[in-house]
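Shown next, in structure tokens, is the structure this report addresses.
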Amino acid sequence: MKLQQFKYAVEIADKSSFSEAARSLFISQPSLSNAIKELEEEINLPIFIRTHKGVSVTKEGAEFLSYARQMLEHYQLMEEKYLHSKPAKQHFSVSTQHYTFAINAFVNLIKDYGADEYEFTIRETKTYDIIDDVRALRSEIGVLYINTFNARIILKHLKENDLVFSVLFTARPHIFISTQNPLAQRTSVTIEDLEEYPYLSFEQGDNNSFYFSEEILSNLERKKSIKVTDRAAVVNLLIGLNAYTVSTGIIGEEIHGDDFIAIPLEVDEEIQIGTIRHKNMNLSRLGERYLEELQLMVKDLV
């Protein structure tokens, strides 16, 4: 096994594509494919599954890649310390549900630890894709929630993919609305109060099960329901239609400004927001620092 092969394998996992990884590494795709084939034969296990849709990491491959990333990071540290080489370009990825605190923590990480060269990625994406990103090591950390309704399904899915969930904080449900909404002066609201208002939820694609919903109480029937795919659409619909969405109650003013408020929702529910990571993978320096930023952010907001 060679460090170069580790670098190749990690790049393929990050790009989910042999062709894109080859371009990034400035080598031909056949050379890259041969190097990975030799590596897989040497360690006697498949790292990747090739399909017409792209590349995915096998369960055994995910464990191998976690060690490969650690080896590359330690090697880069030794180069910097003993050979006085230029720090390598930093790579770090996070996948998250649509939480402003997760974005703000990511911003703080880059401000404090972004070197002269870096390639950071934050994916606000579907619940199933968050789990798959961390499973395949496309992201080092995922951020999502569980509650009594979805916990059995989500935790089962995490266990099957060798992932672990760690609680960041527990919150009571709130609705997120515009300050111009007729309910904006209320100190709390009930489900009945919301009956005539459009309900917004994030679309979950092929895995649009209630259990993978980003919002609690997703299984309730609503007279008016709108599915969206991005944060900007939510903001516009909250203002334009007096719509609402169900949230943790944490609003990031740096992103949303003061045009929106969170009001407690009178239901007997709790939301546990936490991080997921691969159980066989130690966090990188950047992963540890991002987790610290998350904890600081939550401490200030909860």
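How things are named: the first chain in the structure tokens is A, the next is B, and so on; residues count from 1 in each chain; ligands count from 1 in the order shown.
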
In stretch 181-253 of chain A, DSSP strand (DSSP E or B) residues written as a PyMOL selection string:
chain A and resi 189+199-202+225-228+244-247

Write out as an NGL selection string which residues come within 6 Å of stretch 271-284 of chain A when counting only C-alpha atoms, dropping same-chain ones fewer than 2 positions away.
:A and (66 or 141-147 or 162-171 or 286-288)

Using only C-alpha atoms for the distances, tell me which of A:Val234, A:Leu241, A:Val10, A:Leu3 is nearest to A:Ala62.
A:Val10

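Using only C-alpha atoms for every distance, the candidate list A:Phe106, A:Tyr8, A:Tyr211, A:Phe18 yields A:Phe106 as the residue closest to A:Arg289.
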
Could you list, as a compact mmCIF listing (two decimals) with C-alpha atoms, in the first residue's frame, every residue within 12 Å of A:Ile226, counting only C-alpha atoms and ignoring same-chain residues fewer than 5 positions away?
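Output file around_13.txt is given in full below:
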```txt
# COMPACT_ATOMS: atom_id res chain seq x y z
CA TYR A 197 -52.30 28.71 7.08
CA PRO A 198 -50.09 27.00 4.44
CA TYR A 199 -47.65 24.48 5.91
CA LEU A 200 -44.12 24.39 4.47
CA SER A 201 -41.87 21.35 4.56
CA PHE A 202 -38.65 20.35 2.83
CA GLU A 203 -39.14 17.83 0.03
CA SER A 218 -45.12 15.53 9.32
CA ALA A 233 -38.20 29.46 -1.14
CA VAL A 234 -39.19 29.07 2.51
CA LEU A 237 -43.38 31.82 1.06
CA LEU A 238 -43.39 32.72 4.75
CA LEU A 241 -48.44 33.55 1.90
CA ALA A 243 -47.16 30.35 5.69
CA TYR A 244 -45.44 28.54 8.55
CA THR A 245 -42.99 25.75 9.14
```

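Distances from A:Phe210, A:Leu65, A:Ser31, A:Glu41 to A:Ala9 were compared using only C-alpha atoms, and the smallest one belongs to A:Leu65.
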
Find the spatial neighbours of A:Glu20, counting only C-alpha atoms, within a cut-off of 12 Å - ignore same-chain residues fewer than 5 positions away - and output them as a VMD selection string.
chain A and resid 8 11 to 15 25 to 29 32 54 to 55

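With only C-alpha atoms as the atoms that count, the minimum distance from A:Tyr75 to the choices A:Glu42, A:Glu124, A:Pro30, A:Gln4 is reached by A:Gln4.
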
So, counting only C-alpha atoms, which residue among A:Asp133, A:Asp112, A:Lys7, A:His174 is closest to A:Gln76?
A:Lys7

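The shortest atom-to-atom distance to A:Phe149, with only C-alpha atoms taken into account, belongs to A:Ile216 out of A:Thr187, A:Thr96, A:Glu119, A:Ile216.
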
Run DSSP on the backbone and grab whatever in stretch 162-285 of chain A lands in alpha helix (DSSP H); send it over as a PyMOL selection string.
chain A and resi 231-240+253-256+285

Could you turn the residues from that selection into a file that holds N, CA, C and O atoms, as a PDB file, in the first residue's frame?
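Contents of again06.pdb, as written:
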```
ATOM      1  N   ARG A 231     -33.910  26.912   1.150  1.00  0.00           N
ATOM      2  CA  ARG A 231     -34.213  27.884   2.191  1.00  0.00           C
ATOM      3  C   ARG A 231     -34.821  29.172   1.628  1.00  0.00           C
ATOM      4  O   ARG A 231     -35.715  29.768   2.235  1.00  0.00           O
ATOM      5  N   ALA A 232     -34.332  29.628   0.474  1.00  0.00           N
ATOM      6  CA  ALA A 232     -34.830  30.875  -0.101  1.00  0.00           C
ATOM      7  C   ALA A 232     -36.324  30.794  -0.387  1.00  0.00           C
ATOM      8  O   ALA A 232     -37.068  31.754  -0.164  1.00  0.00           O
ATOM      9  N   ALA A 233     -36.777  29.641  -0.870  1.00  0.00           N
ATOM     10  CA  ALA A 233     -38.204  29.463  -1.137  1.00  0.00           C
ATOM     11  C   ALA A 233     -39.009  29.562   0.150  1.00  0.00           C
ATOM     12  O   ALA A 233     -40.093  30.163   0.172  1.00  0.00           O
ATOM     13  N   VAL A 234     -38.494  28.990   1.227  1.00  0.00           N
ATOM     14  CA  VAL A 234     -39.195  29.065   2.511  1.00  0.00           C
ATOM     15  C   VAL A 234     -39.364  30.510   2.929  1.00  0.00           C
ATOM     16  O   VAL A 234     -40.452  30.938   3.329  1.00  0.00           O
ATOM     17  N   VAL A 235     -38.294  31.276   2.855  1.00  0.00           N
ATOM     18  CA  VAL A 235     -38.339  32.686   3.264  1.00  0.00           C
ATOM     19  C   VAL A 235     -39.387  33.450   2.463  1.00  0.00           C
ATOM     20  O   VAL A 235     -40.209  34.192   3.013  1.00  0.00           O
ATOM     21  N   ASN A 236     -39.395  33.276   1.155  1.00  0.00           N
ATOM     22  CA  ASN A 236     -40.348  34.005   0.301  1.00  0.00           C
ATOM     23  C   ASN A 236     -41.792  33.601   0.576  1.00  0.00           C
ATOM     24  O   ASN A 236     -42.696  34.435   0.595  1.00  0.00           O
ATOM     25  N   LEU A 237     -42.020  32.307   0.816  1.00  0.00           N
ATOM     26  CA  LEU A 237     -43.377  31.825   1.063  1.00  0.00           C
ATOM     27  C   LEU A 237     -43.880  32.219   2.451  1.00  0.00           C
ATOM     28  O   LEU A 237     -45.071  32.478   2.634  1.00  0.00           O
ATOM     29  N   LEU A 238     -42.984  32.268   3.425  1.00  0.00           N
ATOM     30  CA  LEU A 238     -43.389  32.721   4.752  1.00  0.00           C
ATOM     31  C   LEU A 238     -43.928  34.136   4.700  1.00  0.00           C
ATOM     32  O   LEU A 238     -44.916  34.481   5.359  1.00  0.00           O
ATOM     33  N   ILE A 239     -43.287  34.965   3.881  1.00  0.00           N
ATOM     34  CA  ILE A 239     -43.710  36.362   3.758  1.00  0.00           C
ATOM     35  C   ILE A 239     -44.918  36.491   2.838  1.00  0.00           C
ATOM     36  O   ILE A 239     -45.917  37.126   3.176  1.00  0.00           O
ATOM     37  N   GLY A 240     -44.841  35.882   1.670  1.00  0.00           N
ATOM     38  CA  GLY A 240     -45.868  36.095   0.659  1.00  0.00           C
ATOM     39  C   GLY A 240     -47.198  35.437   0.953  1.00  0.00           C
ATOM     40  O   GLY A 240     -48.250  35.943   0.531  1.00  0.00           O
ATOM     41  N   GLU A 253     -30.164  35.185  13.270  1.00  0.00           N
ATOM     42  CA  GLU A 253     -30.450  36.528  12.766  1.00  0.00           C
ATOM     43  C   GLU A 253     -29.458  36.961  11.689  1.00  0.00           C
ATOM     44  O   GLU A 253     -29.772  37.785  10.837  1.00  0.00           O
ATOM     45  N   GLU A 254     -28.238  36.373  11.730  1.00  0.00           N
ATOM     46  CA  GLU A 254     -27.246  36.739  10.722  1.00  0.00           C
ATOM     47  C   GLU A 254     -27.726  36.375   9.323  1.00  0.00           C
ATOM     48  O   GLU A 254     -27.355  36.999   8.339  1.00  0.00           O
ATOM     49  N   ILE A 255     -28.557  35.330   9.226  1.00  0.00           N
ATOM     50  CA  ILE A 255     -29.051  34.883   7.922  1.00  0.00           C
ATOM     51  C   ILE A 255     -30.469  35.374   7.676  1.00  0.00           C
ATOM     52  O   ILE A 255     -30.807  35.865   6.603  1.00  0.00           O
ATOM     53  N   HIS A 256     -31.329  35.274   8.676  1.00  0.00           N
ATOM     54  CA  HIS A 256     -32.742  35.592   8.477  1.00  0.00           C
ATOM     55  C   HIS A 256     -33.111  37.021   8.826  1.00  0.00           C
ATOM     56  O   HIS A 256     -34.215  37.470   8.513  1.00  0.00           O
ATOM     57  N   ARG A 285      -8.802  17.185  12.500  1.00  0.00           N
ATOM     58  CA  ARG A 285      -8.676  18.444  13.249  1.00  0.00           C
ATOM     59  C   ARG A 285      -9.835  19.379  12.932  1.00  0.00           C
ATOM     60  O   ARG A 285     -10.403  20.017  13.818  1.00  0.00           O
TER      61      ARG A 285
END
```

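Close contacts of A:Glu40, defined as residues with an atom at most 12 Å away when counting only C-alpha atoms, with chain neighbours fewer than 6 positions off set aside, comprise Met1, Gln5, Phe6, Ala9, Ser33, Asn34, Pro46, Ile47, Phe48, Ile49, Thr58, Glu60, Gly61, Phe64 and Leu65 of chain A.
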